[in-house]
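Asker: Sharing structure29.tsv, TSV, C-alpha atoms and all ligand atoms:
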chain	number	residue	atom	x	y	z
A	1	MET	CA	182.34	92.41	70.69
A	2	SER	CA	178.63	92.13	71.22
A	3	PRO	CA	176.18	94.56	69.67
A	4	PRO	CA	174.48	97.06	71.96
A	5	ASP	CA	171.01	96.44	73.31
A	6	ASP	CA	168.96	97.57	70.36
A	7	ASP	CA	171.14	96.56	67.43
A	8	PRO	CA	169.74	94.01	65.03
A	9	ASP	CA	170.75	90.48	65.86
A	10	ARG	CA	173.44	89.58	63.40
A	11	SER	CA	172.33	85.98	63.11
A	12	ASP	CA	168.86	86.55	61.74
A	13	GLY	CA	168.30	90.28	61.44
A	14	ARG	CA	165.73	90.53	64.22
A	15	SER	CA	166.04	92.94	67.07
A	16	PRO	CA	166.23	91.43	70.56
A	17	GLY	CA	162.78	92.75	71.42
A	18	ASP	CA	161.23	91.32	68.30
A	19	ASP	CA	158.79	88.54	68.99
A	20	GLY	CA	160.09	86.67	65.98
A	21	ARG	CA	156.98	86.75	63.84
A	22	ASP	CA	157.95	87.38	60.28
A	23	ASP	CA	154.62	86.78	58.64
A	24	GLY	CA	153.89	90.43	58.04
A	25	HIS	CA	151.03	90.69	60.49
A	26	ALA	CA	150.79	93.63	62.79
A	27	PRO	CA	151.84	92.36	66.21
A	28	SER	CA	148.63	93.20	68.01
A	29	ASP	CA	146.01	93.18	65.30
A	30	ASP	CA	145.88	89.78	63.70
A	31	GLY	CA	142.92	88.38	65.57
A	32	ARG	CA	144.69	85.92	67.82
A	33	ASP	CA	142.68	85.35	70.96
A	34	ALA	CA	145.25	86.39	73.53
A	35	GLY	CA	146.72	89.16	71.42
A	36	SER	CA	143.71	90.73	69.83
A	37	GLU	CA	142.86	92.92	72.80
A	38	ALA	CA	146.33	93.36	74.21
A	39	ALA	CA	147.11	97.01	74.76
A	40	ILE	CA	150.47	96.29	76.32
A	41	THR	CA	152.99	94.26	74.32
A	42	PRO	CA	156.74	93.60	74.46
A	43	GLU	CA	157.15	95.48	71.18
A	44	ARG	CA	155.64	98.67	72.56
A	45	ASP	CA	156.08	98.60	76.30
A	46	ARG	CA	158.94	98.48	78.74
A	47	LEU	CA	157.97	97.62	82.28
A	48	LEU	CA	159.10	98.41	85.80
A	49	LEU	CA	158.14	96.09	88.66
A	50	ASP	CA	157.92	97.54	92.14
A	51	ALA	CA	159.65	95.88	95.09
A	52	MET	CA	156.65	93.62	95.80
A	53	LEU	CA	156.37	92.17	92.32
A	54	GLY	CA	159.73	90.51	91.67
A	55	GLY	CA	158.02	87.13	91.26
A	56	LEU	CA	156.55	88.32	87.97
A	57	ALA	CA	159.90	89.18	86.43
A	58	SER	CA	160.84	85.85	84.92
A	59	TYR	CA	157.36	85.37	83.45
A	60	LEU	CA	157.39	88.75	81.80
A	61	ARG	CA	160.93	88.33	80.50
A	62	ILE	CA	160.08	84.95	78.96
A	63	CYS	CA	157.24	86.76	77.23
A	64	GLY	CA	159.85	89.10	75.79
A	65	TYR	CA	159.29	92.11	78.00
A	66	ASP	CA	162.08	94.42	79.03
A	67	ALA	CA	160.95	94.14	82.65
A	68	ALA	CA	163.16	95.94	85.16
A	69	TYR	CA	162.80	95.09	88.83
A	70	ALA	CA	163.05	97.92	91.33
A	71	LEU	CA	165.28	96.11	93.81
A	72	ASP	CA	167.69	95.08	91.06
A	73	ARG	CA	167.99	98.76	90.27
A	74	GLY	CA	168.54	99.66	93.91
A	75	ILE	CA	165.37	101.69	94.31
A	76	GLU	CA	162.37	101.26	96.54
A	77	ASP	CA	160.72	104.54	97.38
A	78	ASP	CA	157.87	105.95	95.36
A	79	GLY	CA	159.68	109.00	94.08
A	80	ALA	CA	162.58	106.99	92.71
A	81	LEU	CA	160.19	104.54	91.06
A	82	ARG	CA	158.29	107.30	89.32
A	83	THR	CA	161.51	108.97	88.22
A	84	LEU	CA	162.93	105.76	86.79
A	85	ALA	CA	159.67	104.94	85.02
A	86	ALA	CA	159.60	108.38	83.45
A	87	GLU	CA	163.29	108.50	82.54
A	88	GLU	CA	163.30	105.09	80.88
A	89	GLY	CA	159.80	105.21	79.46
A	90	ARG	CA	158.68	102.24	81.55
A	91	ARG	CA	155.15	101.37	82.52
A	92	LEU	CA	155.02	100.86	86.29
A	93	LEU	CA	153.45	97.72	87.74
A	94	THR	CA	152.73	98.22	91.42
A	95	ARG	CA	150.63	97.01	94.32
A	96	ASP	CA	150.45	100.54	95.72
A	97	ARG	CA	147.14	102.20	94.94
A	98	ASP	CA	148.29	105.75	95.55
A	99	LEU	CA	151.47	105.29	93.58
A	100	ALA	CA	149.52	103.76	90.69
A	101	ALA	CA	147.07	106.66	90.72
A	102	ARG	CA	149.89	109.20	90.58
A	103	THR	CA	151.91	107.47	87.86
A	104	PRO	CA	150.74	107.82	84.25
A	105	GLY	CA	150.15	104.46	82.57
A	106	ALA	CA	150.70	102.44	85.74
A	107	VAL	CA	149.00	99.09	86.22
A	108	ARG	CA	147.91	98.30	89.77
A	109	LEU	CA	147.87	94.70	90.93
A	110	THR	CA	145.99	93.57	94.01
A	111	GLU	CA	146.35	89.79	94.17
A	112	PRO	CA	148.93	88.17	96.46
A	113	GLU	CA	149.73	85.10	94.32
A	114	VAL	CA	151.80	85.17	91.15
A	115	VAL	CA	149.32	83.23	89.04
A	116	ASP	CA	146.50	85.53	90.08
A	117	ARG	CA	148.68	88.54	89.35
A	118	LEU	CA	149.36	87.18	85.88
A	119	ARG	CA	145.62	86.88	85.38
A	120	GLU	CA	145.22	90.48	86.51
A	121	LEU	CA	147.86	91.57	84.04
A	122	ARG	CA	146.11	89.81	81.19
A	123	GLU	CA	142.83	91.41	82.20
A	124	ALA	CA	144.61	94.76	82.18
A	125	GLY	CA	145.57	94.19	78.54
A	126	VAL	CA	149.08	92.85	78.97
A	127	ARG	CA	149.92	90.30	76.28
A	128	LEU	CA	151.30	87.20	77.97
A	129	GLU	CA	152.65	84.65	75.53
A	130	PRO	CA	156.06	83.00	75.64
A	131	ALA	CA	158.36	84.56	73.07
A	132	ASP	CA	159.72	82.43	70.26
A	133	ARG	CA	163.17	82.78	71.76
A	134	PRO	CA	164.72	84.46	74.81
A	135	SER	CA	165.40	88.16	74.48
A	136	ARG	CA	165.87	89.14	78.13
A	137	CYS	CA	167.92	87.61	80.93
A	138	GLY	CA	165.62	86.05	83.51
A	139	ALA	CA	168.11	86.87	86.23
A	140	CYS	CA	168.98	90.51	85.55
A	141	ASN	CA	166.86	91.66	82.56
A	142	GLY	CA	169.92	92.25	80.41
A	143	PRO	CA	169.64	91.68	76.65
A	144	VAL	CA	170.72	88.24	75.48
A	145	GLU	CA	172.57	87.04	72.39
A	146	ARG	CA	172.68	83.64	70.78
A	147	ILE	CA	175.70	81.52	71.64
A	148	GLY	CA	177.09	80.36	68.32
A	149	PRO	CA	177.94	76.77	67.46
A	150	GLY	CA	181.67	77.47	67.76
A	151	ASP	CA	181.44	79.18	71.15
A	152	ASP	CA	182.08	77.52	74.48
A	153	ARG	CA	179.01	76.20	76.25
A	154	PRO	CA	179.05	76.57	80.05
A	155	GLY	CA	179.16	73.34	82.03
A	156	TYR	CA	175.72	73.89	83.54
A	157	ALA	CA	174.05	74.12	80.15
A	158	PRO	CA	172.74	71.15	78.18
A	159	ASP	CA	175.14	69.71	75.60
A	160	GLU	CA	172.81	70.33	72.70
A	161	GLY	CA	170.18	72.81	71.60
A	162	PRO	CA	170.13	76.59	71.20
A	163	LEU	CA	171.74	78.66	73.94
A	164	TRP	CA	171.69	82.35	74.68
A	165	ARG	CA	173.96	84.46	76.88
A	166	CYS	CA	173.15	87.58	78.85
A	167	LEU	CA	175.25	90.49	77.68
A	168	ASP	CA	175.13	92.03	81.16
A	169	CYS	CA	175.68	89.19	83.65
A	170	GLY	CA	176.95	86.40	81.39
A	171	GLN	CA	174.34	83.86	82.45
A	172	ALA	CA	173.49	81.30	79.77
A	173	PHE	CA	169.87	80.43	78.94
A	174	TRP	CA	168.00	77.81	77.03
A	175	LYS	CA	164.36	76.95	76.60
A	176	GLY	CA	164.28	74.17	79.20
A	177	SER	CA	161.86	72.97	81.81
A	178	HIS	CA	161.47	76.38	83.43
A	179	TRP	CA	160.45	77.83	80.09
A	180	ASP	CA	157.95	75.00	79.64
A	181	ASP	CA	156.57	75.56	83.15
A	182	VAL	CA	156.05	79.23	82.44
A	183	ALA	CA	154.37	78.47	79.11
A	184	GLU	CA	152.08	75.99	80.82
A	185	THR	CA	151.16	78.47	83.54
A	186	LEU	CA	150.41	81.18	81.00
A	187	ALA	CA	148.29	78.81	78.94
A	188	SER	CA	146.27	77.92	82.03
A	189	LEU	CA	145.30	81.47	82.98
B	1	ZN	ZN	171.76	88.73	83.07
For this file, write the structure as structure tokens.
Answerer:
Amino acid sequence: MSPPDDDPDRSDGRSPGDDGRDDGHAPSDDGRDAGSEAAITPERDRLLLDAMLGGLASYLRICGYDAAYALDRGIEDDGALRTLAAEEGRRLLTRDRDLAARTPGAVRLTEPEVVDRLRELREAGVRLEPADRPSRCGACNGPVERIGPGDDRPGYAPDEGPLWRCLDCGQAFWKGSHWDDVAETLASL
């Protein structure tokens, strides 16, 4: 059986939220351009996207964030969003000015386009770099585990290369063209 969400990955000893850097540097204080000022990182922050911001989910998950989407969780109204954010320790990302003002730690986004919203996030201190390997399901935000060499590979997956499987919905993932597209978009911000 698979380990729970926050157990160390048996294959390499890293936790699923780990960004994979094993060089001993502090994650946010090693002078890298994009990371040096980041106040919000996948290691420290869990996120909650309001109903308007679902388009950001796959970007944030590829960056390693535990990024829950309100509609996936069946909630839409402000009170339920604030409750979920508080209960799960999630930082709320929202387009709603009043809701942002009333929710501690919330980040308010104003732009209509995804790329511009990503730029807003970076300006707000959110570290946006593709993770070394998938840690969150792009479809449902569940934790993922590596599919071992002896395990069955689903027919829709490539025949070779590392694969991961969502522990919640079973979807398989690999670092394919979508991953590359996201990386390219993030690099262009
Ligand atoms: Zn999933």
Asker: Would you mind telling me which residue in A:Ala139, A:Ile40, A:Ala157, A:Ile147 lies nearest to ligand ZN 1 (chain B) when using only C-alpha atoms and all ligand atoms?
Answerer: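 Under the stated criterion, the closest residue is A:Ala139.
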Asker: Would you mind reading off the distance between atom CA of Ala38 of chain A and atom CA of Gly125 of chain A, one decimal, in Å?
Answerer: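 So the two atoms, atom CA of Ala38 of chain A and atom CA of Gly125 of chain A, lie 4.5 Å apart.
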Asker: Please write out the residues within 10 Å of ligand ZN 1 (chain B) as a VMD selection string, counting all atoms listed in the file.
Answerer: chain A and resid 136 to 144 165 to 173
Asker: To one decimal in Å, tell me the separation between atom CA of Arg46 of chain A and atom CA of Glu88 of chain A.
Answerer: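 One can read the atom CA of Arg46 of chain A to atom CA of Glu88 of chain A distance as 8.2 Å.
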Asker: Please determine, counting only C-alpha atoms, which residue among A:Arg119, A:His178, A:Arg82, A:Arg61 has the shortest atom-to-atom distance to Ala100 of chain A.
Answerer: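 Answer, going by the shortest atom-to-atom distance: A:Arg82.
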Asker: Name all residues at most 10 Å from segment 54-59 of chain A (count all atoms listed in the file; drop same-chain ones fewer than 6 positions away) and give them as a PyMOL selection string.
Answerer: chain A and resi 47-48+65-72+93+113-115+117-118+128-130+136-141+178-179+181-183+185-186
Asker: Padding of 8 Å on every side, edges along x, y and z, all listed atoms of segment 129-137 of chain A included: what centre and edge lengths in Å, to one decimal, does that box have, as lines of an AutoDock Vina configuration file?
Answerer:
center_x = 160.3
center_y = 85.8
center_z = 75.6
size_x = 31.3
size_y = 22.7
size_z = 26.7
Asker: What is the atom CA of Asp96 of chain A-atom CA of Asp45 of chain A distance in Å, reported with one decimal?
Answerer: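 Rounded to one decimal, the two atoms are 20.3 Å apart.
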Asker: With distances taken over all atoms listed in the file, which residue among A:Thr94, A:Gly176, A:Thr83, A:Arg73 lies nearest Trp164 of chain A?
Answerer: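 Closest to Trp164 of chain A of all the choices is A:Gly176.
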Asker: So, with all atoms listed in the file as the atoms that count, which of A:Glu111, A:Thr41, A:Gly79, A:Ala86 lies closest to Leu53 of chain A?
Answerer: A:Glu111
Asker: Kindly indicate which residue among A:Gly64, A:Pro158, A:Ala101, A:Arg95 lies nearest to Arg44 of chain A, using all atoms listed in the file for the distances.
Answerer: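 Using all atoms listed in the file, Arg44 of chain A sits closest to A:Gly64.
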Asker: Taking into account all atoms listed in the file, which residue in the set A:Val107, A:Arg127, A:Asp159, A:Trp174 is nearest to Glu145 of chain A?
Answerer: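 Looking at the shortest contact to Glu145 of chain A, the residue is A:Trp174.
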